[in-house]
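Data from work-v6.txt: compact mmCIF, C-alpha atoms
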```
# COMPACT_ATOMS: atom_id res chain seq x y z
CA GLU A 16 -16.56 -4.33 4.05
CA ILE A 17 -15.53 -4.31 0.38
CA VAL A 18 -13.72 -7.43 -0.84
CA LEU A 19 -11.49 -7.22 -3.92
CA THR A 20 -10.81 -10.18 -6.20
CA GLN A 21 -7.98 -10.05 -8.72
CA SER A 22 -7.59 -12.30 -11.74
CA PRO A 23 -5.70 -14.09 -12.92
CA GLY A 24 -3.53 -14.98 -9.97
CA THR A 25 -0.54 -15.37 -12.27
CA LEU A 26 -0.10 -14.11 -15.81
CA SER A 27 2.69 -15.63 -17.91
CA LEU A 28 3.64 -13.41 -20.83
CA SER A 29 6.63 -12.47 -22.97
CA PRO A 30 8.21 -9.02 -23.26
CA GLY A 31 6.36 -6.97 -25.83
CA GLU A 32 3.01 -8.63 -25.16
CA ARG A 33 -0.07 -6.94 -23.76
CA ALA A 34 -1.11 -7.61 -20.17
CA THR A 35 -4.68 -7.26 -18.96
CA LEU A 36 -5.28 -7.50 -15.20
CA SER A 37 -8.71 -7.57 -13.61
CA CYS A 38 -9.93 -6.30 -10.23
CA ARG A 39 -13.48 -6.97 -9.13
CA ALA A 40 -15.14 -5.42 -6.06
CA SER A 41 -17.83 -7.11 -3.99
CA GLN A 42 -19.91 -3.93 -4.18
CA SER A 43 -19.94 -0.80 -6.25
CA VAL A 44 -17.09 1.59 -5.45
CA SER A 45 -16.31 5.14 -6.41
CA SER A 46 -13.91 5.25 -9.34
CA SER A 47 -12.18 8.13 -7.59
CA TYR A 48 -11.01 5.71 -4.93
CA LEU A 49 -9.62 2.83 -7.00
CA ALA A 50 -5.85 2.55 -7.33
CA TRP A 51 -3.27 0.16 -8.75
CA TYR A 52 0.23 -0.51 -7.41
CA GLN A 53 3.28 -2.37 -8.70
CA GLN A 54 5.57 -4.21 -6.30
CA MET A 55 8.99 -5.59 -7.14
CA PRO A 56 10.61 -8.20 -4.86
CA GLY A 57 12.02 -6.65 -1.70
CA GLN A 58 10.62 -3.23 -2.53
CA PRO A 59 7.66 -1.20 -1.29
CA PRO A 60 4.71 -0.86 -3.64
CA ARG A 61 4.68 1.94 -6.20
CA LEU A 62 1.54 3.85 -7.11
CA LEU A 63 0.73 3.40 -10.80
CA ILE A 64 -2.87 4.48 -11.23
CA TYR A 65 -5.26 6.45 -9.02
CA GLY A 66 -8.85 7.46 -9.59
CA ALA A 67 -9.19 4.26 -11.68
CA SER A 68 -7.55 5.83 -14.76
CA SER A 69 -5.08 8.60 -13.82
CA ARG A 70 -1.40 7.76 -14.08
CA ALA A 71 0.74 8.72 -11.11
CA THR A 72 3.75 10.96 -11.53
CA GLY A 73 6.46 9.40 -13.69
CA ILE A 74 4.45 6.36 -14.75
CA PRO A 75 4.94 5.47 -18.45
CA ASP A 76 1.95 5.70 -20.73
CA ARG A 77 2.05 1.97 -21.50
CA PHE A 78 0.18 1.64 -18.19
CA SER A 79 -3.51 2.47 -18.31
CA GLY A 80 -6.47 1.93 -16.03
CA SER A 81 -10.17 1.71 -16.75
CA GLY A 82 -13.44 0.53 -15.31
CA SER A 83 -16.27 1.55 -13.04
CA GLU A 84 -18.57 0.35 -10.28
CA THR A 85 -17.37 -3.22 -9.59
CA ASP A 86 -15.07 -4.03 -12.51
CA PHE A 87 -11.69 -2.42 -13.09
CA THR A 88 -8.80 -3.21 -15.41
CA LEU A 89 -5.10 -2.42 -15.51
CA THR A 90 -3.57 -2.74 -18.97
CA ILE A 91 0.12 -2.77 -19.82
CA SER A 92 0.22 -2.22 -23.56
CA ARG A 93 3.67 -3.70 -24.25
CA LEU A 94 5.51 -5.43 -21.45
CA GLU A 95 9.02 -4.22 -20.73
CA PRO A 96 11.48 -6.40 -18.73
CA GLU A 97 11.04 -4.17 -15.68
CA ASP A 98 7.24 -4.70 -15.67
CA PHE A 99 7.43 -8.27 -14.43
CA ALA A 100 6.20 -7.85 -10.87
CA VAL A 101 3.16 -8.21 -8.64
CA TYR A 102 0.24 -5.80 -9.13
CA TYR A 103 -2.31 -4.89 -6.48
CA CYS A 104 -5.56 -3.03 -6.76
CA GLN A 105 -6.81 -1.04 -3.78
CA VAL A 106 -10.04 0.68 -2.90
CA TYR A 107 -11.09 3.16 -0.26
CA GLY A 108 -14.61 2.89 1.03
CA SER A 109 -16.45 3.37 4.33
CA SER A 110 -13.26 4.71 5.91
CA VAL A 111 -11.43 1.45 5.12
CA PHE A 112 -8.52 0.86 2.76
CA THR A 113 -8.66 -2.59 1.16
CA PHE A 114 -6.12 -4.28 -1.09
CA GLY A 115 -6.72 -7.08 -3.53
CA PRO A 116 -4.67 -10.29 -3.30
CA GLY A 117 -2.48 -9.36 -6.24
CA THR A 118 -1.66 -10.61 -9.73
CA LYS A 119 1.85 -11.80 -10.49
CA VAL A 120 3.04 -11.02 -14.01
CA GLU A 121 5.85 -13.42 -14.81
CA ILE A 122 8.08 -14.00 -17.81
CA LYS A 123 6.88 -16.83 -20.03
CA GLN B 29 11.87 15.03 -2.64
CA VAL B 30 9.38 13.21 -0.47
CA GLN B 31 10.99 10.61 1.77
CA LEU B 32 9.71 8.31 4.48
CA VAL B 33 12.54 6.65 6.37
CA GLN B 34 11.69 3.86 8.78
CA SER B 35 13.59 2.39 11.70
CA GLY B 36 15.50 -0.84 11.40
CA ALA B 37 14.53 -4.48 11.65
CA GLU B 38 13.30 -5.86 14.96
CA VAL B 39 13.20 -9.29 16.56
CA LYS B 40 10.69 -9.73 19.36
CA LYS B 41 9.40 -12.53 21.54
CA PRO B 42 5.75 -13.57 21.58
CA GLY B 43 3.70 -11.40 23.89
CA ALA B 44 6.04 -8.43 23.57
CA SER B 45 5.42 -5.08 21.87
CA VAL B 46 7.26 -3.37 19.03
CA LYS B 47 7.50 0.30 18.13
CA VAL B 48 8.46 1.33 14.61
CA SER B 49 9.24 4.88 13.57
CA CYS B 50 8.72 6.68 10.27
CA LYS B 51 10.46 10.00 9.67
CA ALA B 52 9.04 12.17 6.92
CA SER B 53 10.87 14.80 4.90
CA GLY B 54 10.51 16.77 1.69
CA TYR B 55 6.98 18.04 2.33
CA THR B 56 4.84 19.68 5.01
CA PHE B 57 4.40 16.90 7.54
CA THR B 58 1.06 18.07 8.92
CA ASN B 59 -0.61 18.31 5.52
CA TYR B 60 -0.79 14.58 4.74
CA TYR B 61 -2.19 11.59 6.58
CA ILE B 62 0.16 8.65 7.16
CA HIS B 63 -0.87 5.03 6.71
CA TRP B 64 0.59 1.84 8.14
CA VAL B 65 0.37 -1.24 5.93
CA ARG B 66 1.89 -4.64 6.60
CA GLN B 67 2.91 -7.56 4.43
CA ALA B 68 3.51 -11.04 5.81
CA PRO B 69 6.19 -13.11 4.05
CA GLY B 70 4.99 -14.06 0.57
CA GLN B 71 1.60 -12.51 1.19
CA GLY B 72 -0.37 -9.44 0.12
CA LEU B 73 -0.81 -5.99 1.59
CA GLU B 74 -2.94 -5.31 4.66
CA SER B 75 -3.98 -1.84 5.86
CA MET B 76 -3.61 -1.40 9.61
CA ALA B 77 -4.18 2.20 10.61
CA ILE B 78 -3.97 5.83 9.64
CA ILE B 79 -3.05 9.02 11.48
CA ASN B 80 -3.63 12.67 10.82
CA PRO B 81 -0.30 14.29 11.81
CA SER B 82 -1.99 17.67 12.13
CA ASP B 83 -4.11 16.79 15.16
CA GLY B 84 -3.03 13.25 15.99
CA SER B 85 -6.41 11.72 15.28
CA THR B 86 -6.29 8.07 14.30
CA SER B 87 -8.34 5.33 12.67
CA TYR B 88 -7.57 1.67 13.20
CA THR B 89 -8.65 -1.28 11.07
CA GLN B 90 -11.02 -3.40 13.12
CA ARG B 91 -8.80 -6.48 13.34
CA PHE B 92 -6.01 -4.42 14.93
CA GLN B 93 -8.21 -2.42 17.31
CA GLY B 94 -6.82 -2.55 20.83
CA ARG B 95 -3.40 -3.81 19.72
CA VAL B 96 -2.07 -0.98 17.56
CA SER B 97 -1.38 2.60 18.51
CA LEU B 98 -0.19 5.45 16.31
CA THR B 99 1.41 8.61 17.63
CA ARG B 100 3.31 11.48 16.05
CA ASP B 101 5.93 14.04 16.94
CA THR B 102 5.51 17.16 14.85
CA SER B 103 8.84 18.61 16.03
CA THR B 104 10.70 15.79 14.26
CA SER B 105 8.11 14.95 11.56
CA THR B 106 7.98 11.39 12.84
CA VAL B 107 5.13 8.92 13.17
CA TYR B 108 5.32 5.91 15.48
CA MET B 109 3.44 2.62 15.21
CA GLU B 110 3.31 0.40 18.28
CA LEU B 111 1.89 -3.11 18.05
CA SER B 112 1.36 -5.11 21.24
CA SER B 113 0.66 -8.73 22.25
CA LEU B 114 2.77 -9.99 19.37
CA THR B 115 2.35 -13.49 17.95
CA SER B 116 4.14 -15.35 15.18
CA GLY B 117 1.35 -14.17 12.88
CA ASP B 118 2.64 -10.62 13.25
CA THR B 119 5.91 -11.47 11.50
CA ALA B 120 5.81 -9.14 8.53
CA VAL B 121 7.27 -6.11 6.82
CA TYR B 122 5.60 -2.98 8.12
CA PHE B 123 5.35 0.02 5.78
CA CYS B 124 4.48 3.60 6.55
CA ALA B 125 3.08 5.49 3.58
CA ARG B 126 1.73 8.91 2.72
CA ASP B 127 -1.91 9.40 1.85
CA HIS B 128 -2.65 10.66 -1.65
CA THR B 129 -5.03 13.35 -0.50
CA ASN B 130 -8.58 13.21 -1.89
CA TRP B 131 -7.87 10.13 -3.97
CA GLY B 132 -8.17 7.35 -1.42
CA SER B 133 -4.77 5.98 -2.32
CA ILE B 134 -1.14 6.08 -1.22
CA ASP B 135 1.50 7.98 -3.17
CA TYR B 136 4.77 7.51 -1.25
CA TRP B 137 6.01 4.56 0.79
CA GLY B 138 8.71 3.99 3.35
CA GLN B 139 11.29 1.31 2.73
CA GLY B 140 9.63 -1.11 5.15
CA THR B 141 10.65 -2.55 8.52
CA LEU B 142 10.88 -6.29 9.03
CA VAL B 143 9.48 -7.37 12.37
CA THR B 144 10.19 -10.98 13.27
CA ILE B 145 8.45 -12.69 16.16
CA SER B 146 10.38 -15.63 17.48
CA SER B 147 10.75 -17.36 20.81
```
Show how you would write the structure in this file as structure tokens.
Amino acid sequence: EIVLTQSPGTLSLSPGERATLSCRASQSVSSSYLAWYQQMPGQPPRLLIYGASSRATGIPDRFSGSGSETDFTLTISRLEPEDFAVYYCQVYGSSVFTFGPGTKVEIK
Amino acid sequence: QVQLVQSGAEVKKPGASVKVSCKASGYTFTNYYIHWVRQAPGQGLESMAIINPSDGSTSYTQRFQGRVSLTRDTSTSTVYMELSSLTSGDTAVYFCARDHTNWGSIDYWGQGTLVTISS
């Protein structure tokens, strides 16, 4: 089973700053099956990125995804107030959907 | 627009079962798999199971095998998730969500159903 590790656990930044979130897989995964989600308190997750680098419908272009094999990155180029949330990566492999533990992006 | 509307919050006793519904609208129900994902208070997301509404075939995550059951009713575009032998560790928000076909991800989510296990 694939295990995902996300770092850092918490990222403290100010609006306007750049956020770089990491997701590492315990084994090589297909980039086609790597996704990122944003979750606000009390809300369901929202799909941001699929296929490692494709933005989902309606997602602003300040969000971008990159990476391959075991190392993937979500970048938020300039943080807006509504971007402070928890971010999860997720992978599909061997008929199993696995989520990472999440990175909380908080206001510094 | 795509919508997944779940049934309301539940309170159950240990050892009981709970059945949560998820009604889909805004798309062809039988064309997209439906996932169930849960989130314990203050914790991360955990995939539980998936169903193909077209033929009713299911796949269950190993740790829930034997305790979870997914069914669907195509006449009402509704998926049901039943979880049995409940313990306090099953207290969580349960989400249904639509599979993002061919991309191994999830594109639409229900609002979530809080299931509380308490004696």
Chain A residues near chain B within 9 Å, closest pair each, using only C-alpha atoms, as a Markdown table:
```
| residue | atom | partner | partner_atom | distance |
| --- | --- | --- | --- | --- |
| A:Ser47 | CA | B:Trp131 | CA | 6.0 |
| A:Tyr48 | CA | B:Gly132 | CA | 4.8 |
| A:Leu49 | CA | B:Gly132 | CA | 7.3 |
| A:Ala50 | CA | B:Ser133 | CA | 6.2 |
| A:Trp51 | CA | B:Ser133 | CA | 8.8 |
| A:Gln58 | CA | B:Gln139 | CA | 7.0 |
| A:Pro59 | CA | B:Gln139 | CA | 6.0 |
| A:Pro60 | CA | B:Trp137 | CA | 7.1 |
| A:Arg61 | CA | B:Tyr136 | CA | 7.5 |
| A:Leu62 | CA | B:Asp135 | CA | 5.7 |
| A:Leu63 | CA | B:Asp135 | CA | 8.9 |
| A:Tyr65 | CA | B:Ser133 | CA | 6.7 |
| A:Gly66 | CA | B:Trp131 | CA | 6.3 |
| A:Ala71 | CA | B:Asp135 | CA | 8.0 |
| A:Tyr103 | CA | B:Gly72 | CA | 8.2 |
| A:Gln105 | CA | B:Ser133 | CA | 7.5 |
| A:Val106 | CA | B:Gly132 | CA | 7.1 |
| A:Tyr107 | CA | B:Gly132 | CA | 5.2 |
| A:Gly108 | CA | B:Gly132 | CA | 8.2 |
| A:Ser110 | CA | B:Ser87 | CA | 8.4 |
| A:Val111 | CA | B:Thr89 | CA | 7.1 |
| A:Phe112 | CA | B:Ser75 | CA | 6.1 |
| A:Thr113 | CA | B:Ser75 | CA | 6.7 |
| A:Phe114 | CA | B:Leu73 | CA | 6.2 |
| A:Gly115 | CA | B:Gly72 | CA | 7.7 |
| A:Pro116 | CA | B:Gly72 | CA | 5.6 |
| A:Gly117 | CA | B:Gly72 | CA | 6.7 |
```
Requested write-out: C-alpha atoms of the selected residues, as a compact mmCIF listing (two decimals), in the frame of the given file:
```txt
# COMPACT_ATOMS: atom_id res chain seq x y z
CA SER A 47 -12.18 8.13 -7.59
CA TYR A 48 -11.01 5.71 -4.93
CA LEU A 49 -9.62 2.83 -7.00
CA ALA A 50 -5.85 2.55 -7.33
CA TRP A 51 -3.27 0.16 -8.75
CA GLN A 58 10.62 -3.23 -2.53
CA PRO A 59 7.66 -1.20 -1.29
CA PRO A 60 4.71 -0.86 -3.64
CA ARG A 61 4.68 1.94 -6.20
CA LEU A 62 1.54 3.85 -7.11
CA LEU A 63 0.73 3.40 -10.80
CA TYR A 65 -5.26 6.45 -9.02
CA GLY A 66 -8.85 7.46 -9.59
CA ALA A 71 0.74 8.72 -11.11
CA TYR A 103 -2.31 -4.89 -6.48
CA GLN A 105 -6.81 -1.04 -3.78
CA VAL A 106 -10.04 0.68 -2.90
CA TYR A 107 -11.09 3.16 -0.26
CA GLY A 108 -14.61 2.89 1.03
CA SER A 110 -13.26 4.71 5.91
CA VAL A 111 -11.43 1.45 5.12
CA PHE A 112 -8.52 0.86 2.76
CA THR A 113 -8.66 -2.59 1.16
CA PHE A 114 -6.12 -4.28 -1.09
CA GLY A 115 -6.72 -7.08 -3.53
CA PRO A 116 -4.67 -10.29 -3.30
CA GLY A 117 -2.48 -9.36 -6.24
```
Contact residues around B:Val107 with only C-alpha atoms at 10 Å, ignoring same-chain residues under 5 positions, as a VMD selection string: chain B and resid 32 34 48 to 52 57 62 to 64 79 to 81 84 98 to 102 124
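For stretch 30-41 of chain A, the list of residues within 8 Å, based on only C-alpha atoms and with local chain neighbours fewer than 6 positions off taken out, reads Ile17, Val18, Leu19, Thr20, Gln21, Ser22, Pro23, Glu84, Thr85, Asp86, Phe87, Thr88, Leu89, Thr90, Ile91, Ser92, Arg93, Leu94, Glu95, Pro96, Cys104, Gly115, Thr118 and Ile122 of chain A.
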Let me have the centre and edge lengths in Å, one decimal, of the box along x, y and z around every listed atom of stretch 58-63 of chain A with 5 Å of margin on each side, as AutoDock Vina command-line options.
```
--center_x 5.7 --center_y 0.3 --center_z -6.0 --size_x 19.9 --size_y 17.1 --size_z 19.5
```
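Separating atom CA of B:Leu142 from atom CA of B:Glu38 is a distance of 6.4 Å.
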A:Ser68 surroundings by only C-alpha atoms, 7 Å radius, close-in-sequence under 5 positions cut, as a list in words: Ser79, Gly80 and Ser81 of chain A
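Across the model, the gap from atom CA of B:Ser146 to atom CA of B:Val96 is 19.2 Å.
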Pick from A:Glu16, A:Tyr52, A:Phe99, A:Gly57 nearest to A:Glu121, counting all atoms listed in the file: A:Phe99
Gap from atom CA of B:Ser97 to atom CA of B:Ala44 - Å, one decimal: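 According to the coordinates, atom CA of B:Ser97 and atom CA of B:Ala44 are separated by 14.2 Å.
Each of A:Ser109, A:Ser43, A:Val120, A:Leu26 was checked against A:Met55 using all atoms listed in the file; the smallest atom-to-atom distance is that of A:Val120.
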Nearest-residue call for A:Pro75, choices A:Thr25, A:Lys123, A:Glu97, A:Ser46, using all atoms listed in the file: A:Glu97
